[in-house]
Amino acid sequence: MKKIRQPIIAVLGHVDHGKTTMLDRIRNTRVAEKEAGGITQHIGATEVPIEVVKQLAGPLLSLWKGEIKLPGLLFIDTPGHEAFTSLRARGGSLADLAILVVDINEGFQPQTIESIEILRKYRTPFVVAANKIDRIKGWKIVENEPFLVNIKKQDQRAVQELETKLWELIGKFYELGFQANRFDRVQDFRRELAIIPVSAKYGIGLPELLVLIAGLAQKYLEEKLKIEVEGPARGTILEVREEVGFGTTIDVIIYDGTLRKDDIIVVGGKDKAIVTKIRALLKPKPLDEIRDPRYRFDQVEEVSAAAGIKIAAPNLEEALAGSPVIAARTEEEIERAKREILEQIKSVIISTDKVGVIVKADTIGSLEALSKELQEKNIPIRKADVGNISKTDVMEALSVKEEEPLYGVVIGFNVKVNEDAEEVAKAKKIPIFVGNVIYKIIEDYEAWVKAEEE
Ligand code: GDP
Ligand code: MG
């Protein structure tokens with residue numbers, strides 16, 4: 001049976017621009033409080049049912065002609081995924097849609113630009129939340145109300161200041177090749193980027209934001225969101241973690257099919273595909289029902305896309321964040337899933353004796369993104385792997401340095417440098433370039449190369 005699933009939505013943008021505040025605010029809308037069973041917490045995600053969107057939206061729904069048939073919206077929670085690069089599915093982005101949060105008072109920052117580049121690369125449709133409009137001088141806050149209600153209450157000066165800041169943003173988008181406009185001035189949502197002025201802190205403009213996201217998904221993604229619900233599940237690992245009483249578990253976003261408790265799953269490991277049998281499917285208990293933190297989860301029999309779920313199973317210690325999870329019910333399906341996963345791992349985890357740089361990243365998705373960027377700049381890679389920077393990595397770089405000093409470096413994205421690695425690097429003068437903005441790390445490396453050449 002086919003059904004339309006919830007679109008998966010990522011919230012991204014520069015640090016401190018308000019991503020977490022926005023998700024928290026969405027979770028705690030008045031509607032959610034009133035309606036029992038309103039907004040539900042998943043593992044790694046938050047689900048807003050379409051009824052809540054409709055209630056929040058009220059007359060705004062007329063922005064979209066036609067009915068919204070989506071069951072709701074599934075927001076991926078941001079902690080640890082602010083870089084977003086790790087969220088991949090079938091070679092594309094796990095997110096069907098994204099909200100790019102930009103602090104309207106600070107404008108574009110490095111992670112804003114990085115986010116836009118990634119969205120562009122994976123052709124992920126997105127809207128822009130121009131956040132913190134409550135900070136505009138003289139802004140009169142009308143809490144929890146649409147932007148269009150707020151704007152009517154402002155005096156000329158505040159409106160003017162908002163317009164000026166919006167124009168600055170629109171100009172920046174233009175420089176990057178995007179036509180952007182305030183959402184209520186957009187003529188064609190396919191060609192223009194909609195900017196919604198919001199205050200995550202005071203809930204201003206969130207009704208419009210939710211309506212626009214729902215409308216865009218309905219209008220342009222309906223085909224993509226149609227899935228065979230009963231089919232074997234597919235998902236992406238957000239996180240691998242220890243859980244008291246369950247051992248190593250994986251937090252997964254399921255974007256296709258149904259995962260059942262007695263399914264076999266195949267997941268990506270460091271240099272292999274791990275085949276394992278599910279022990280438990282876990283979802284978070286409602287907060288008010290948690291009496292003992294050791295029993296934070298409820299067990300479920302099955303879960304259908306789109307959803308966030310924690311999977312407990314044996315042998316997950318070496319599972320890789322960012323890699324696929326494929327459910328399989330027959331030997332043939334298991335073999336096929338193994339081949340697919342191995343192929344993907346092999347294309348990303350590189351191990352050669354070439355003269356080239358050593359690359360490390362936190363997830364398989366971000367490793368792929370970083371490696372791709374380096375390759376596009378003709379920087380050769382000797383080794384690319386997931387994990388923190390170890391002494392071994394530095395020793396490899398040292399052996400490269402003997403042949404080509406400019407490639408004798410370690411480049412890392414969202415990873416830590418182990419203490420012993422740091423010591424050796426210092427002693428042997430091996431540069432380490434780390435950070436959480438890919439293009440910045442590469443720029444730092446290139447600047448170093450230039451300085452060395454001179
Ligand atoms: P993140 O790093 O993008 O997740 O940003 P946070 O949500 O943690 O927000 C960073 C800071 O900005 C916090 O102190 C928030 O309270 C504040 N903040 C977020 N949204 C708003 C807003 O709309 N207005 C104001 N005045 N402050 C905000
Ligand atoms: Mg945050």
# chains A, B, ... in the order shown; residues from 1 in each chain; ligands from 1
>>> residues_near_ligand(ligand="ligand 1", cutoff="6 Å", atoms="only C-alpha atoms and all ligand atoms", output="NGL selection string")
:A and (15-21 or 131-132 or 134-135 or 199-201)
>>> residues_around(residues="Tyr255 in chain A", least_positions_apart="3", cutoff="12 Å", atoms="only C-alpha atoms", output="PDB file with C-alpha atoms, in the first residue's frame")
ATOM      1  CA  ILE A   4       2.506   9.800   1.648  1.00  0.00           C
ATOM      2  CA  ARG A   5       5.016  10.035   4.457  1.00  0.00           C
ATOM      3  CA  GLN A   6       6.066  13.037   6.495  1.00  0.00           C
ATOM      4  CA  PRO A   7       8.792  15.080   4.835  1.00  0.00           C
ATOM      5  CA  ILE A   8      12.064  14.997   6.775  1.00  0.00           C
ATOM      6  CA  ILE A   9      13.200  18.508   7.585  1.00  0.00           C
ATOM      7  CA  LEU A  74       9.347  15.372  10.877  1.00  0.00           C
ATOM      8  CA  ILE A  76      15.525  16.298  12.649  1.00  0.00           C
ATOM      9  CA  LEU A  87      22.671  13.189   6.887  1.00  0.00           C
ATOM     10  CA  ARG A  88      22.678  11.222   3.675  1.00  0.00           C
ATOM     11  CA  ALA A  89      20.341   8.754   2.087  1.00  0.00           C
ATOM     12  CA  ARG A  90      20.723   6.902  -1.220  1.00  0.00           C
ATOM     13  CA  SER A  93      20.324  14.204   1.313  1.00  0.00           C
ATOM     14  CA  LEU A  94      18.307  12.526   4.042  1.00  0.00           C
ATOM     15  CA  ALA A  95      16.427  15.800   4.479  1.00  0.00           C
ATOM     16  CA  ASP A  96      13.640  16.343   1.984  1.00  0.00           C
ATOM     17  CA  LYS A 224       9.081  11.680  -3.635  1.00  0.00           C
ATOM     18  CA  LEU A 225       7.159  11.247  -0.404  1.00  0.00           C
ATOM     19  CA  LYS A 226       4.967   8.435  -1.727  1.00  0.00           C
ATOM     20  CA  ILE A 227       6.319   5.211  -0.278  1.00  0.00           C
ATOM     21  CA  GLU A 228       5.437   1.546  -0.135  1.00  0.00           C
ATOM     22  CA  VAL A 229       4.726   1.446   3.585  1.00  0.00           C
ATOM     23  CA  GLY A 231       8.271  -2.632   2.218  1.00  0.00           C
ATOM     24  CA  PRO A 232      11.532  -3.308   4.061  1.00  0.00           C
ATOM     25  CA  ALA A 233      12.785  -0.254   5.912  1.00  0.00           C
ATOM     26  CA  ARG A 234      15.649   2.006   4.944  1.00  0.00           C
ATOM     27  CA  GLY A 235      17.227   4.583   7.157  1.00  0.00           C
ATOM     28  CA  THR A 236      20.325   6.547   8.057  1.00  0.00           C
ATOM     29  CA  ILE A 237      22.279   6.279  11.323  1.00  0.00           C
ATOM     30  CA  VAL A 252      18.197   5.969  13.073  1.00  0.00           C
ATOM     31  CA  THR A 258       8.424  -0.393   7.843  1.00  0.00           C
ATOM     32  CA  LEU A 259      10.919  -1.725  10.348  1.00  0.00           C
ATOM     33  CA  VAL A 303       7.751   1.610  13.038  1.00  0.00           C
ATOM     34  CA  SER A 304       6.969   3.130   9.630  1.00  0.00           C
ATOM     35  CA  ALA A 305       8.648   5.931   7.750  1.00  0.00           C
ATOM     36  CA  ALA A 306       9.212   8.685   8.436  1.00  0.00           C
ATOM     37  CA  ALA A 307      10.336   8.221  12.029  1.00  0.00           C
ATOM     38  CA  GLY A 308      13.265   8.385  14.387  1.00  0.00           C
ATOM     39  CA  ILE A 309      13.937   5.198  16.340  1.00  0.00           C
ATOM     40  CA  PRO A 324      22.705   3.345   5.812  1.00  0.00           C
ATOM     41  CA  VAL A 325      20.501   0.879   7.648  1.00  0.00           C
ATOM     42  CA  ILE A 326      18.696  -1.557   5.379  1.00  0.00           C
ATOM     43  CA  ALA A 327      16.173  -4.093   6.664  1.00  0.00           C
TER      44      ALA A 327
END
>>> atom_distance(atom1="CA of Trp139 in chain A", atom2="CA of Trp167 in chain A")
17.9 Å
>>> residues_around(residues="Leu209 in chain A", least_positions_apart="3", cutoff="10 Å", atoms="only C-alpha atoms", output="PyMOL selection string")
chain A and resi 53+57+99+127-129+146-147+183+194-198+204-206+212-215
>>> write_last_selection(atoms="N, CA and C atoms", output="PDB file, in the first residue's frame")
ATOM      1  N   VAL A  53      -0.247  21.930  12.462  1.00  0.00           N
ATOM      2  CA  VAL A  53       0.114  22.953  11.470  1.00  0.00           C
ATOM      3  C   VAL A  53      -1.134  23.731  11.064  1.00  0.00           C
ATOM      4  N   ALA A  57      -1.872  27.609  11.640  1.00  0.00           N
ATOM      5  CA  ALA A  57      -1.881  28.401  10.416  1.00  0.00           C
ATOM      6  C   ALA A  57      -3.134  29.247  10.277  1.00  0.00           C
ATOM      7  N   ILE A  99      15.290  24.117   6.702  1.00  0.00           N
ATOM      8  CA  ILE A  99      15.101  25.501   7.124  1.00  0.00           C
ATOM      9  C   ILE A  99      16.491  26.040   7.408  1.00  0.00           C
ATOM     10  N   VAL A 127      13.722  26.860   2.871  1.00  0.00           N
ATOM     11  CA  VAL A 127      13.241  28.207   3.129  1.00  0.00           C
ATOM     12  C   VAL A 127      14.200  28.831   4.133  1.00  0.00           C
ATOM     13  N   VAL A 128      14.149  30.162   4.220  1.00  0.00           N
ATOM     14  CA  VAL A 128      15.065  30.863   5.101  1.00  0.00           C
ATOM     15  C   VAL A 128      14.282  31.468   6.258  1.00  0.00           C
ATOM     16  N   ALA A 129      14.702  31.156   7.481  1.00  0.00           N
ATOM     17  CA  ALA A 129      14.111  31.810   8.643  1.00  0.00           C
ATOM     18  C   ALA A 129      15.064  32.926   9.052  1.00  0.00           C
ATOM     19  N   PRO A 146       1.617  35.251  14.058  1.00  0.00           N
ATOM     20  CA  PRO A 146       2.281  35.273  12.750  1.00  0.00           C
ATOM     21  C   PRO A 146       3.074  36.561  12.549  1.00  0.00           C
ATOM     22  N   PHE A 147       4.040  36.491  11.659  1.00  0.00           N
ATOM     23  CA  PHE A 147       4.794  37.684  11.289  1.00  0.00           C
ATOM     24  C   PHE A 147       3.850  38.758  10.745  1.00  0.00           C
ATOM     25  N   PHE A 183       8.619  36.123   2.014  1.00  0.00           N
ATOM     26  CA  PHE A 183       7.709  35.062   1.571  1.00  0.00           C
ATOM     27  C   PHE A 183       6.399  35.574   0.984  1.00  0.00           C
ATOM     28  N   ALA A 194      12.049  31.661  -0.310  1.00  0.00           N
ATOM     29  CA  ALA A 194      11.187  32.444   0.577  1.00  0.00           C
ATOM     30  C   ALA A 194      11.906  32.735   1.898  1.00  0.00           C
ATOM     31  N   ILE A 195      11.919  34.002   2.283  1.00  0.00           N
ATOM     32  CA  ILE A 195      12.489  34.382   3.572  1.00  0.00           C
ATOM     33  C   ILE A 195      11.349  34.711   4.528  1.00  0.00           C
ATOM     34  N   ILE A 196      11.324  34.030   5.664  1.00  0.00           N
ATOM     35  CA  ILE A 196      10.289  34.306   6.656  1.00  0.00           C
ATOM     36  C   ILE A 196      10.942  34.991   7.852  1.00  0.00           C
ATOM     37  N   PRO A 197      10.593  36.248   8.118  1.00  0.00           N
ATOM     38  CA  PRO A 197      11.142  36.903   9.307  1.00  0.00           C
ATOM     39  C   PRO A 197      10.515  36.272  10.549  1.00  0.00           C
ATOM     40  N   VAL A 198      11.336  35.823  11.482  1.00  0.00           N
ATOM     41  CA  VAL A 198      10.814  35.140  12.663  1.00  0.00           C
ATOM     42  C   VAL A 198      11.557  35.578  13.926  1.00  0.00           C
ATOM     43  N   ILE A 204       7.376  34.300  17.023  1.00  0.00           N
ATOM     44  CA  ILE A 204       6.839  35.145  15.949  1.00  0.00           C
ATOM     45  C   ILE A 204       7.189  34.526  14.585  1.00  0.00           C
ATOM     46  N   GLY A 205       6.181  34.440  13.713  1.00  0.00           N
ATOM     47  CA  GLY A 205       6.440  33.967  12.354  1.00  0.00           C
ATOM     48  C   GLY A 205       6.520  32.452  12.215  1.00  0.00           C
ATOM     49  N   LEU A 206       6.466  31.732  13.331  1.00  0.00           N
ATOM     50  CA  LEU A 206       6.554  30.274  13.206  1.00  0.00           C
ATOM     51  C   LEU A 206       5.335  29.677  12.497  1.00  0.00           C
ATOM     52  N   LEU A 212       4.502  27.261   5.243  1.00  0.00           N
ATOM     53  CA  LEU A 212       5.284  27.290   4.007  1.00  0.00           C
ATOM     54  C   LEU A 212       5.982  25.963   3.760  1.00  0.00           C
ATOM     55  N   ILE A 213       6.563  25.418   4.814  1.00  0.00           N
ATOM     56  CA  ILE A 213       7.247  24.128   4.691  1.00  0.00           C
ATOM     57  C   ILE A 213       6.263  23.041   4.251  1.00  0.00           C
ATOM     58  N   ALA A 214       5.116  23.016   4.927  1.00  0.00           N
ATOM     59  CA  ALA A 214       4.115  21.995   4.586  1.00  0.00           C
ATOM     60  C   ALA A 214       3.644  22.178   3.140  1.00  0.00           C
ATOM     61  N   GLY A 215       3.392  23.416   2.765  1.00  0.00           N
ATOM     62  CA  GLY A 215       2.908  23.698   1.418  1.00  0.00           C
ATOM     63  C   GLY A 215       3.919  23.317   0.354  1.00  0.00           C
TER      64      GLY A 215
END
>>> select_by_dssp(residues="range 101-289 of chain A", states="helix (DSSP H, G or I)", output="NGL selection string")
:A and (110-121 or 133-135 or 147-152 or 156-175 or 183-185 or 206-220 or 222-225 or 287-289)
>>> residues_around(residues="Ile334 in chain A", least_positions_apart="3", cutoff="8 Å", atoms="only C-alpha atoms", output="list in words")
Ile264, Ile265, Val266, Val275, Ala327, Ala328, Arg329, Thr330, Glu331, Ala337 and Lys338 of chain A
>>> residues_around(residues="Asp251 in chain A", least_positions_apart="6", cutoff="10 Å", atoms="only C-alpha atoms", output="PyMOL selection string")
chain A and resi 42-44+235-241+282-283+308-312+321
>>> write_last_selection(atoms="N, CA and C atoms", output="PDB file, in the first residue's frame")
ATOM      1  N   HIS A  42      10.374  11.900  18.795  1.00  0.00           N
ATOM      2  CA  HIS A  42      10.972  10.657  18.312  1.00  0.00           C
ATOM      3  C   HIS A  42      12.408  10.629  18.810  1.00  0.00           C
ATOM      4  N   ILE A  43      13.118   9.552  18.471  1.00  0.00           N
ATOM      5  CA  ILE A  43      14.549   9.560  18.713  1.00  0.00           C
ATOM      6  C   ILE A  43      15.180  10.446  17.643  1.00  0.00           C
ATOM      7  N   GLY A  44      15.869  11.502  18.085  1.00  0.00           N
ATOM      8  CA  GLY A  44      16.560  12.356  17.119  1.00  0.00           C
ATOM      9  C   GLY A  44      15.660  13.207  16.248  1.00  0.00           C
ATOM     10  N   GLY A 235      17.008   3.422   6.312  1.00  0.00           N
ATOM     11  CA  GLY A 235      17.227   4.583   7.157  1.00  0.00           C
ATOM     12  C   GLY A 235      18.671   5.009   7.149  1.00  0.00           C
ATOM     13  N   THR A 236      18.969   6.024   7.931  1.00  0.00           N
ATOM     14  CA  THR A 236      20.325   6.547   8.057  1.00  0.00           C
ATOM     15  C   THR A 236      20.652   6.651   9.548  1.00  0.00           C
ATOM     16  N   ILE A 237      21.873   6.213   9.909  1.00  0.00           N
ATOM     17  CA  ILE A 237      22.279   6.279  11.323  1.00  0.00           C
ATOM     18  C   ILE A 237      22.659   7.707  11.689  1.00  0.00           C
ATOM     19  N   LEU A 238      21.984   8.244  12.716  1.00  0.00           N
ATOM     20  CA  LEU A 238      22.357   9.565  13.223  1.00  0.00           C
ATOM     21  C   LEU A 238      23.501   9.447  14.209  1.00  0.00           C
ATOM     22  N   GLU A 239      23.390   8.439  15.078  1.00  0.00           N
ATOM     23  CA  GLU A 239      24.333   8.344  16.171  1.00  0.00           C
ATOM     24  C   GLU A 239      24.464   6.902  16.647  1.00  0.00           C
ATOM     25  N   VAL A 240      25.672   6.580  17.104  1.00  0.00           N
ATOM     26  CA  VAL A 240      25.911   5.254  17.689  1.00  0.00           C
ATOM     27  C   VAL A 240      26.189   5.516  19.157  1.00  0.00           C
ATOM     28  N   ARG A 241      25.428   4.899  20.055  1.00  0.00           N
ATOM     29  CA  ARG A 241      25.734   5.163  21.469  1.00  0.00           C
ATOM     30  C   ARG A 241      25.351   4.043  22.427  1.00  0.00           C
ATOM     31  N   LEU A 282      13.227   1.027  20.131  1.00  0.00           N
ATOM     32  CA  LEU A 282      12.960   1.873  21.288  1.00  0.00           C
ATOM     33  C   LEU A 282      12.573   3.283  20.881  1.00  0.00           C
ATOM     34  N   LYS A 283      11.516   3.760  21.528  1.00  0.00           N
ATOM     35  CA  LYS A 283      11.197   5.176  21.344  1.00  0.00           C
ATOM     36  C   LYS A 283      11.148   5.850  22.706  1.00  0.00           C
ATOM     37  N   GLY A 308      11.960   8.555  13.757  1.00  0.00           N
ATOM     38  CA  GLY A 308      13.265   8.385  14.387  1.00  0.00           C
ATOM     39  C   GLY A 308      13.132   7.288  15.426  1.00  0.00           C
ATOM     40  N   ILE A 309      14.055   6.338  15.434  1.00  0.00           N
ATOM     41  CA  ILE A 309      13.937   5.198  16.340  1.00  0.00           C
ATOM     42  C   ILE A 309      15.325   4.770  16.819  1.00  0.00           C
ATOM     43  N   LYS A 310      15.363   4.231  18.028  1.00  0.00           N
ATOM     44  CA  LYS A 310      16.622   3.667  18.522  1.00  0.00           C
ATOM     45  C   LYS A 310      16.561   2.161  18.352  1.00  0.00           C
ATOM     46  N   ILE A 311      17.610   1.606  17.770  1.00  0.00           N
ATOM     47  CA  ILE A 311      17.648   0.158  17.553  1.00  0.00           C
ATOM     48  C   ILE A 311      18.698  -0.459  18.462  1.00  0.00           C
ATOM     49  N   ALA A 312      18.261  -1.438  19.257  1.00  0.00           N
ATOM     50  CA  ALA A 312      19.217  -2.217  20.041  1.00  0.00           C
ATOM     51  C   ALA A 312      19.405  -3.539  19.330  1.00  0.00           C
ATOM     52  N   ALA A 321      28.306   6.216  12.167  1.00  0.00           N
ATOM     53  CA  ALA A 321      27.307   7.272  12.049  1.00  0.00           C
ATOM     54  C   ALA A 321      27.253   7.735  10.598  1.00  0.00           C
TER      55      ALA A 321
END
>>> select_by_dssp(residues="range 137-321 of chain A", states="strand (DSSP E)", output="number ranges by chain")
A: 180-182, 193-197, 226-228, 234-243, 247-256, 258-260, 264-268, 273-277, 280-284, 297-300, 302-304, 307-312
>>> atom_distance(atom1="CA of Ala98 in chain A", atom2="CA of Leu320 in chain A")
23.8 Å
